[in-house]
$ cat upload.txt   # compact mmCIF, C-alpha atoms
# COMPACT_ATOMS: atom_id res chain seq x y z
CA MET O 51 0.00 0.00 0.00
CA ASP O 52 1.37 3.43 -0.96
CA PHE O 53 1.42 5.32 2.31
CA ASN O 54 2.47 8.98 1.87
CA VAL O 55 3.20 10.38 5.32
CA LYS O 56 3.86 13.88 4.04
CA LYS O 57 0.53 14.07 2.22
CA LEU O 58 -1.30 12.69 5.24
CA ALA O 59 0.31 15.30 7.49
CA SER O 60 -0.48 18.05 4.98
CA ASP O 61 -4.14 17.01 4.73
CA ALA O 62 -4.39 16.85 8.51
CA GLY O 63 -2.92 20.36 8.79
CA VAL O 64 -5.40 21.73 6.24
CA PHE O 65 -8.29 20.06 8.05
CA PHE O 66 -7.15 21.53 11.37
CA THR O 67 -6.80 25.09 10.05
CA ARG O 68 -10.25 24.86 8.42
CA ALA O 69 -11.74 23.60 11.67
CA VAL O 70 -10.17 26.51 13.57
CA GLN O 71 -11.47 29.01 11.01
CA PHE O 72 -14.98 27.50 11.10
CA THR O 73 -15.06 27.56 14.91
CA GLU O 74 -13.87 31.16 15.09
CA GLU O 75 -16.55 32.18 12.56
CA LYS O 76 -19.24 30.52 14.67
CA LEU O 77 -17.92 32.36 17.76
CA GLY O 78 -17.81 35.66 15.90
CA GLN O 79 -14.02 35.92 16.20
CA ALA O 80 -13.25 35.72 12.48
CA GLU O 81 -14.63 37.28 9.30
CA LYS O 82 -16.62 35.13 6.89
CA THR O 83 -16.83 35.64 3.15
CA GLU O 84 -20.49 35.74 2.17
CA LEU O 85 -21.76 34.17 -1.04
CA ASP O 86 -23.45 36.45 -3.55
CA PRO O 87 -27.26 36.72 -3.12
CA HIS O 88 -28.00 34.93 -6.41
CA LEU O 89 -25.98 31.90 -5.35
CA GLU O 90 -27.61 31.92 -1.91
CA ASN O 91 -31.06 31.93 -3.55
CA LEU O 92 -30.07 29.02 -5.79
CA ILE O 93 -28.87 27.05 -2.77
CA ALA O 94 -32.10 27.73 -0.86
CA ARG O 95 -34.17 26.69 -3.90
CA ALA O 96 -32.16 23.49 -4.31
CA GLU O 97 -32.56 22.64 -0.62
CA GLY O 98 -36.33 23.12 -0.91
CA THR O 99 -36.42 20.91 -4.00
CA LYS O 100 -34.49 18.18 -2.24
CA ASN O 101 -36.62 18.30 0.93
CA TRP O 102 -39.97 18.25 -0.87
CA THR O 103 -38.83 15.58 -3.31
CA GLU O 104 -37.95 13.34 -0.36
CA LYS O 105 -41.36 13.92 1.24
CA ILE O 106 -43.29 13.34 -2.00
CA LEU O 107 -41.25 10.21 -2.72
CA ARG O 108 -41.83 8.73 0.74
CA GLN O 109 -45.56 9.46 0.75
CA THR O 110 -46.04 8.11 -2.77
CA GLU O 111 -44.30 4.90 -1.70
CA VAL O 112 -46.71 4.66 1.24
CA LEU O 113 -49.67 5.27 -1.08
CA LEU O 114 -48.59 2.59 -3.55
CA GLN O 115 -47.43 0.09 -0.92
CA PRO O 116 -48.96 0.63 2.56
CA ASN O 117 -47.17 -2.43 3.97
CA PRO O 118 -43.87 -1.29 5.61
CA SER O 119 -42.34 -4.78 5.39
CA ALA O 120 -43.01 -4.91 1.67
CA ARG O 121 -41.43 -1.46 1.23
CA ILE O 122 -38.30 -2.60 3.08
CA GLU O 123 -38.11 -5.67 0.86
CA GLU O 124 -38.39 -3.49 -2.25
CA PHE O 125 -35.66 -1.20 -0.89
CA ILE O 126 -33.29 -4.13 -0.29
CA TYR O 127 -33.85 -5.56 -3.76
CA ASP O 128 -33.28 -2.10 -5.24
CA LYS O 129 -29.99 -1.65 -3.36
CA LEU O 130 -28.84 -5.13 -4.40
CA ASP O 131 -29.74 -4.20 -7.99
CA LYS O 132 -32.00 -7.24 -8.26
CA LYS O 133 -35.43 -7.51 -9.77
CA LEU O 134 -38.21 -7.83 -7.21
CA PRO O 135 -40.21 -11.05 -7.76
CA SER O 136 -43.70 -10.44 -9.12
CA LYS O 137 -46.28 -10.73 -6.37
CA THR O 138 -49.99 -11.48 -6.45
CA THR O 139 -52.06 -8.47 -5.44
CA ASN O 140 -54.66 -8.74 -2.70
CA ALA O 141 -57.50 -8.44 -5.21
CA GLU O 142 -56.07 -11.24 -7.33
CA LEU O 143 -55.67 -13.42 -4.25
CA LEU O 144 -59.28 -12.72 -3.24
CA GLY O 145 -60.46 -13.57 -6.75
CA GLN O 146 -58.58 -16.88 -6.70
CA HIS O 147 -60.11 -17.77 -3.32
CA MET O 148 -63.57 -17.06 -4.75
CA LEU O 149 -62.90 -19.28 -7.77
CA ASP O 150 -61.63 -22.10 -5.54
CA ALA O 151 -64.69 -21.76 -3.30
CA ALA O 152 -66.98 -21.86 -6.35
CA ASN O 153 -65.42 -25.11 -7.50
CA GLU O 154 -66.06 -26.63 -4.09
CA PHE O 155 -69.64 -25.37 -3.72
CA GLY O 156 -70.50 -26.20 -7.31
CA PRO O 157 -70.18 -23.77 -10.24
CA GLY O 158 -73.70 -24.70 -11.31
CA THR O 159 -75.28 -23.35 -8.13
CA PRO O 160 -76.39 -19.68 -7.95
CA TYR O 161 -73.83 -18.96 -5.24
CA GLY O 162 -71.03 -20.78 -7.06
CA ALA O 163 -71.79 -19.07 -10.38
CA THR O 164 -71.81 -15.65 -8.70
CA LEU O 165 -68.53 -16.43 -6.93
CA ILE O 166 -66.98 -17.23 -10.31
CA THR O 167 -68.24 -13.98 -11.82
CA VAL O 168 -67.10 -11.79 -8.93
CA GLY O 169 -63.82 -13.68 -8.59
CA GLU O 170 -62.93 -13.12 -12.25
CA TYR O 171 -63.53 -9.39 -11.89
CA GLN O 172 -61.48 -9.28 -8.68
CA LYS O 173 -58.59 -10.80 -10.61
CA ARG O 174 -59.03 -8.17 -13.32
CA LEU O 175 -58.95 -5.44 -10.68
CA GLY O 176 -55.78 -6.96 -9.23
CA ALA O 177 -54.10 -7.09 -12.63
CA ALA O 178 -55.01 -3.44 -13.23
CA GLU O 179 -53.55 -2.53 -9.83
CA ARG O 180 -50.31 -4.37 -10.62
CA ASP O 181 -49.98 -2.50 -13.92
CA PHE O 182 -50.63 0.79 -12.13
CA LEU O 183 -47.96 0.07 -9.50
CA HIS O 184 -45.42 -0.85 -12.17
CA THR O 185 -46.16 2.22 -14.27
CA SER O 186 -46.04 4.55 -11.26
CA ALA O 187 -42.72 3.11 -10.10
CA SER O 188 -41.05 3.48 -13.49
CA THR O 189 -42.46 6.86 -14.53
CA PHE O 190 -42.62 8.68 -11.19
CA LEU O 191 -40.74 7.05 -8.30
CA THR O 192 -37.61 6.14 -10.26
CA PRO O 193 -36.95 9.70 -11.59
CA LEU O 194 -37.37 11.12 -8.07
CA ARG O 195 -34.93 8.57 -6.65
CA ASN O 196 -32.47 9.23 -9.48
CA PHE O 197 -32.47 12.93 -8.61
CA LEU O 198 -31.84 12.32 -4.90
CA GLU O 199 -29.21 9.63 -5.44
CA GLY O 200 -27.54 11.19 -8.47
CA ASP O 201 -27.90 14.90 -9.16
CA TRP O 202 -28.36 15.89 -5.53
CA ARG O 203 -25.30 13.97 -4.39
CA THR O 204 -23.21 15.74 -7.04
CA ILE O 205 -24.59 19.11 -5.95
CA SER O 206 -23.88 18.31 -2.29
CA LYS O 207 -20.32 17.28 -3.11
CA GLU O 208 -19.64 20.51 -5.00
CA ARG O 209 -21.22 22.57 -2.24
CA ARG O 210 -18.95 20.97 0.35
CA LEU O 211 -15.98 21.71 -1.90
CA LEU O 212 -17.16 25.33 -2.22
CA GLU O 213 -17.38 25.61 1.56
CA ASN O 214 -13.79 24.33 1.87
CA ARG O 215 -12.62 26.85 -0.73
CA ARG O 216 -14.34 29.62 1.20
CA LEU O 217 -12.67 28.56 4.44
CA ASP O 218 -9.27 28.50 2.68
CA LEU O 219 -9.96 31.99 1.30
CA ASP O 220 -10.83 33.37 4.72
CA ILE O 221 -7.76 31.70 6.25
CA CYS O 222 -5.57 33.45 3.67
CA LYS O 223 -7.27 36.77 4.40
CA ALA O 224 -6.57 36.32 8.10
CA ARG O 225 -2.92 35.47 7.41
CA LEU O 226 -2.50 38.57 5.27
CA LYS O 227 -3.85 40.74 8.06
CA LYS O 228 -1.43 39.22 10.54
CA ALA O 229 1.60 39.47 8.23
CA LYS O 230 4.13 42.05 9.43
CA GLN O 231 7.21 41.63 7.28
CA ALA O 232 7.18 42.49 3.57
CA GLU O 233 8.35 39.00 2.61
CA THR O 234 5.63 37.35 4.65
CA LYS O 235 3.05 39.77 3.31
CA ALA O 236 4.01 39.06 -0.32
CA ALA O 237 3.65 35.31 0.24
CA ALA O 238 0.30 35.84 1.97
CA GLU O 239 -0.93 37.99 -0.94
CA HIS O 240 0.07 35.27 -3.42
CA GLU O 241 -1.77 32.62 -1.38
CA LEU O 242 -4.80 34.90 -1.21
CA ARG O 243 -4.87 35.36 -5.00
CA VAL O 244 -4.65 31.62 -5.54
CA ALA O 245 -7.37 30.96 -2.94
CA GLN O 246 -9.62 33.64 -4.48
CA THR O 247 -9.22 32.11 -7.95
CA GLU O 248 -10.06 28.63 -6.71
CA PHE O 249 -13.04 29.95 -4.75
CA ASP O 250 -14.40 31.85 -7.77
CA ARG O 251 -13.95 28.81 -10.01
CA GLN O 252 -15.74 26.51 -7.55
CA ALA O 253 -18.53 29.06 -7.05
CA GLU O 254 -19.12 29.09 -10.81
CA VAL O 255 -19.22 25.27 -10.98
CA THR O 256 -21.68 25.15 -8.08
CA ARG O 257 -23.82 27.89 -9.61
CA LEU O 258 -24.12 26.00 -12.92
CA LEU O 259 -25.18 22.84 -11.10
CA LEU O 260 -27.74 24.69 -8.98
CA GLU O 261 -29.24 26.40 -12.03
CA GLY O 262 -29.88 22.91 -13.39
CA ILE O 263 -32.59 22.57 -10.72
CA SER O 264 -34.94 24.30 -13.18
CA SER O 265 -34.44 21.40 -15.59
CA THR O 266 -35.11 19.03 -12.69
CA HIS O 267 -38.44 20.76 -12.04
CA LEU O 268 -39.41 20.36 -15.71
CA ASN O 269 -38.50 16.68 -15.64
CA HIS O 270 -40.46 16.11 -12.43
CA LEU O 271 -43.40 17.98 -13.97
CA ARG O 272 -43.50 15.52 -16.87
CA CYS O 273 -43.23 12.63 -14.44
CA LEU O 274 -46.10 14.07 -12.38
CA HIS O 275 -48.30 14.22 -15.49
CA ASP O 276 -47.44 10.59 -16.23
CA PHE O 277 -48.32 9.60 -12.65
CA ALA O 278 -51.66 11.41 -12.79
CA GLU O 279 -52.41 9.78 -16.16
CA ALA O 280 -51.59 6.34 -14.72
CA GLN O 281 -53.90 7.00 -11.78
CA ALA O 282 -56.72 8.16 -14.06
CA THR O 283 -56.31 5.09 -16.27
CA TYR O 284 -56.30 2.75 -13.27
CA TYR O 285 -59.40 4.24 -11.63
CA ALA O 286 -61.22 4.34 -14.99
CA GLN O 287 -60.45 0.64 -15.47
CA CYS O 288 -61.74 -0.16 -11.99
CA HIS O 289 -64.91 1.84 -12.61
CA ARG O 290 -65.50 0.07 -15.92
CA PHE O 291 -64.89 -3.35 -14.39
CA MET O 292 -67.34 -2.68 -11.57
CA GLN O 293 -70.01 -1.42 -13.97
CA ASP O 294 -69.56 -4.54 -16.09
CA LEU O 295 -69.77 -6.68 -12.95
CA GLN O 296 -73.01 -4.96 -11.89
CA ARG O 297 -74.52 -5.61 -15.32
CA GLU O 298 -73.49 -9.27 -15.26
CA LEU O 299 -74.93 -9.73 -11.78
CA ALA O 300 -78.16 -8.02 -12.87
CA ARG O 301 -78.38 -10.30 -15.92
CA GLY O 302 -77.77 -13.31 -13.70
CA ASN O 303 -80.59 -12.23 -11.43
CA ASP O 304 -82.95 -11.80 -14.39
CA VAL O 305 -82.11 -15.29 -15.65
CA SER O 306 -82.30 -16.96 -12.25
CA GLY O 307 -85.66 -15.30 -11.56
CA SER O 308 -87.01 -15.16 -8.08
CA LEU O 309 -84.67 -15.92 -5.17
CA PRO O 310 -85.66 -17.12 -1.68
CA SER O 311 -86.50 -14.22 0.61
CA SER O 312 -83.81 -15.25 3.08
CA ASP O 313 -81.10 -14.84 0.39
CA VAL O 314 -81.82 -11.31 -0.69
CA CYS O 315 -81.70 -7.84 0.89
CA PRO O 316 -83.98 -4.79 0.80
CA ASN O 317 -84.37 -2.71 -2.34
CA PRO O 318 -83.87 0.96 -1.37
CA VAL O 319 -85.92 2.16 -4.31
CA SER O 320 -88.93 -0.11 -3.99
CA SER O 321 -89.73 1.30 -0.54
CA THR O 322 -90.56 4.63 -2.14
CA PHE O 323 -93.47 3.20 -4.06
CA LEU O 324 -94.73 0.47 -1.70
CA SER O 325 -97.87 2.39 -0.89
CA GLU O 326 -98.61 3.11 -4.54
CA THR O 327 -98.09 -0.44 -5.74
CA SER O 328 -100.31 -1.79 -2.96
CA THR O 329 -103.21 0.29 -4.27
CA THR O 330 -102.81 -1.11 -7.80
CA GLY O 331 -102.70 -4.77 -6.84
CA ALA O 332 -98.93 -5.32 -7.18
CA THR O 333 -97.42 -7.33 -4.34
CA VAL O 334 -94.00 -6.16 -3.00
CA SER O 335 -92.06 -8.12 -0.38
CA SER O 336 -91.15 -6.21 2.74
CA CYS O 337 -88.50 -8.70 3.87
CA PRO O 338 -85.65 -6.80 5.57
CA ASN O 339 -83.02 -9.06 3.95
CA GLN O 340 -83.77 -8.37 0.27
CA ARG O 341 -80.92 -7.23 -2.01
CA PRO O 342 -81.11 -3.96 -4.05
CA GLY O 343 -82.32 -4.47 -7.58
CA THR O 344 -83.01 -8.22 -7.25
CA LEU O 345 -86.72 -8.36 -6.49
CA PRO O 346 -88.65 -10.86 -8.62
CA MET O 347 -90.06 -9.40 -11.80
CA GLU O 348 -93.62 -9.79 -10.68
CA HIS O 349 -92.81 -7.97 -7.43
CA THR O 350 -90.98 -5.00 -8.94
CA GLN O 351 -93.41 -4.16 -11.74
CA LEU O 352 -94.30 -0.52 -11.27
CA PRO O 353 -97.87 0.55 -11.89
CA VAL O 354 -98.53 2.27 -15.16
CA THR O 355 -98.98 5.77 -13.84
CA GLY O 356 -98.31 9.27 -14.95
CA ALA O 357 -94.92 10.89 -14.78
CA ARG O 358 -93.44 11.57 -11.36
CA LYS O 359 -90.26 13.07 -9.94
CA ALA O 360 -87.27 11.01 -8.79
CA LYS O 361 -84.02 11.89 -7.05
CA VAL O 362 -80.83 10.33 -8.43
CA LEU O 363 -78.88 8.49 -5.72
CA TYR O 364 -75.64 7.79 -7.62
CA ASP O 365 -73.87 8.84 -10.82
CA TYR O 366 -74.66 6.60 -13.79
CA ASP O 367 -73.01 6.55 -17.23
CA ALA O 368 -75.23 5.54 -20.13
CA HIS O 369 -73.93 2.48 -21.98
CA ASP O 370 -75.79 3.09 -25.26
CA GLY O 371 -78.05 5.62 -26.95
CA SER O 372 -81.19 4.18 -25.38
CA GLU O 373 -80.04 5.05 -21.82
CA LEU O 374 -79.82 8.37 -19.99
CA SER O 375 -76.73 9.35 -17.97
CA LEU O 376 -77.43 10.48 -14.41
CA LEU O 377 -75.73 12.73 -11.86
CA ALA O 378 -76.11 12.15 -8.14
CA ASP O 379 -78.67 14.39 -6.35
CA GLU O 380 -80.30 15.70 -9.53
CA LEU O 381 -84.09 15.51 -10.02
CA ILE O 382 -85.55 13.92 -13.14
CA THR O 383 -89.01 12.93 -14.35
CA VAL O 384 -89.64 9.19 -14.67
CA TYR O 385 -92.45 6.90 -15.80
CA THR O 386 -92.90 3.30 -16.89
CA VAL O 387 -94.55 1.75 -19.92
CA PRO O 388 -96.31 -1.62 -20.32
CA GLY O 389 -94.00 -4.54 -20.97
CA MET O 390 -90.90 -2.68 -19.85
CA ASP O 391 -88.14 -4.41 -17.82
CA PRO O 392 -89.11 -3.80 -14.16
CA ASP O 393 -85.52 -2.85 -13.31
CA TRP O 394 -85.71 0.18 -15.61
CA LEU O 395 -87.79 3.34 -16.02
CA ILE O 396 -88.00 5.98 -18.69
CA GLY O 397 -86.27 9.13 -17.45
CA GLU O 398 -86.57 12.64 -18.82
CA ARG O 399 -84.36 15.67 -18.21
CA GLY O 400 -85.37 18.62 -20.33
CA ASN O 401 -85.19 17.46 -23.95
CA GLN O 402 -83.18 14.36 -23.05
CA LYS O 403 -84.89 11.02 -22.57
CA GLY O 404 -83.73 7.46 -22.04
CA LYS O 405 -83.85 4.35 -19.87
CA VAL O 406 -82.55 4.67 -16.29
CA PRO O 407 -81.98 1.91 -13.70
CA VAL O 408 -84.49 1.84 -10.84
CA THR O 409 -81.80 1.06 -8.25
CA TYR O 410 -80.19 4.44 -8.87
CA LEU O 411 -83.35 6.38 -8.01
CA GLU O 412 -85.42 7.46 -5.07
CA LEU O 413 -88.98 8.03 -6.23
CA LEU O 414 -90.60 11.11 -4.74
CA SER O 415 -94.25 11.43 -3.79
$ encode --input "upload.txt" --output "structure tokens"
Amino acid sequence: MDFNVKKLASDAGVFFTRAVQFTEEKLGQAEKTELDPHLENLIARAEGTKNWTEKILRQTEVLLQPNPSARIEEFIYDKLDKKLPSKTTNAELLGQHMLDAANEFGPGTPYGATLITVGEYQKRLGAAERDFLHTSASTFLTPLRNFLEGDWRTISKERRLLENRRLDLDICKARLKKAKQAETKAAAEHELRVAQTEFDRQAEVTRLLLEGISSTHLNHLRCLHDFAEAQATYYAQCHRFMQDLQRELARGNDVSGSLPSSDVCPNPVSSTFLSETSTTGATVSSCPNQRPGTLPMEHTQLPVTGARKAKVLYDYDAHDGSELSLLADELITVYTVPGMDPDWLIGERGNQKGKVPVTYLELLS
């Protein structure tokens, strides 16, 4: 091993003189060269960027992976530069359990068939979540980490070097003040000129790096747009899957016909017209365990009456030109026609008209 004693002693002497200068500055016993205001502003802006990037990165990681143990595992794999094994999401695991249960109970039974339907959609939701996590990690988390572990480390290194150059400059200034003899003063002036040149050069290098923070902001802005787009795509997929699932379950109920009263729950809409249907001869079950939207056809048939007002309970997106889109809490006019599916009404809003699902409405007296 090449062990240079002279260099080691020289480095130790430089470190000691810098430590003395730094301590005297903190105690107010020595003058300190101040950085120009523009450079100070750049440093403050860079510090703010670093601090907020760390906070956003940590909270995004928590959002995408709430399990701390899983986050630690991901961190270890990342540091070892190894690919994290693909894991089954909770929704996919739930879907698989439902499919396994359906096979045991019998896929031909109403419960088994419904378990298969819901389980398949749970697996689709899980796959969409996995795609979202992967996209978010590559387009948002990775650029933030790269900044903190790459650009910011370079900036920090150059800033430390600038601080050392400043200390050396102030040490030379102090020596020049203490110099008495002409020879000593000339040597101190030469050291001061060299220290000033090195300080100015390092200040320029640091300034150029700090001005690159603006480019970092632009890059993070693009990444933020990508993250928001990935979120929008993921939630839109989930919404579409759940709407498709609701339609499949409704079709299954229509095909299966009437279910035992102990297996269903109350329909929140039918209660609004119980009194009216009782006067027209229609029989509606008042069982407290009936499920929304699954009353037998003969029980949910609305009387052919005039138009009446209804309050929309939830948002609804029309799936074709024959349906009418709804917004929660709005009031529309509804009526039924002979032979119409009992789960639907005709809704009118101004000049717009189309079919609307009964389960999304609260009929008003």
$ residues_around --input "upload.txt" --residues "Ala286 of chain O" --least-positions-apart "6" --cutoff "12 Å" --atoms "only C-alpha atoms" --output "PyMOL selection string"
chain O and resi 175+178-179+182+279-280+292-293
$ atom_distance --input "upload.txt" --atom1 "atom CA of Leu259 of chain O" --atom2 "atom CA of Cys273 of chain O"
21.0 Å
$ residues_around --input "upload.txt" --residues "Arg216 of chain O" --least-positions-apart "3" --cutoff "10 Å" --atoms "all atoms listed in the file" --output "ChimeraX atom specification"
/O:68,82-85,210-213,219-222,245-246,248-250,252-253
$ closest_residue --input "upload.txt" --among "O:Leu258, O:Leu194, O:Ala96, O:Leu411" --to "Arg358 of chain O" --atoms "only C-alpha atoms"
O:Leu411
$ closest_atom_pairs --input "upload.txt" --of "segment 224-300 of chain O" --to "segment 73-81 of chain O" --cutoff "12 Å" --atoms "all atoms listed in the file" --output "CSV"
residue,atom,partner,partner_atom,distance
O:Ala224,CA,O:Ala80,CA,8.0
O:Arg225,CA,O:Ala80,CA,11.5
O:Lys227,CA,O:Glu81,CA,11.4
$ axis_aligned_box --input "upload.txt" --around "segment 225-230 of chain O" --padding-each-side "5 Å" --output "JSON"
{"center_x": 0.1, "center_y": 38.8, "center_z": 7.9, "size_x": 18.0, "size_y": 16.6, "size_z": 15.3}
$ atom_distance --input "upload.txt" --atom1 "atom CA of Phe197 of chain O" --atom2 "atom CA of Asn101 of chain O"
11.7 Å
$ closest_residue --input "upload.txt" --among "O:Asn269, O:Trp102, O:Leu149, O:Thr283" --to "Thr185 of chain O" --atoms "only C-alpha atoms"
O:Thr283
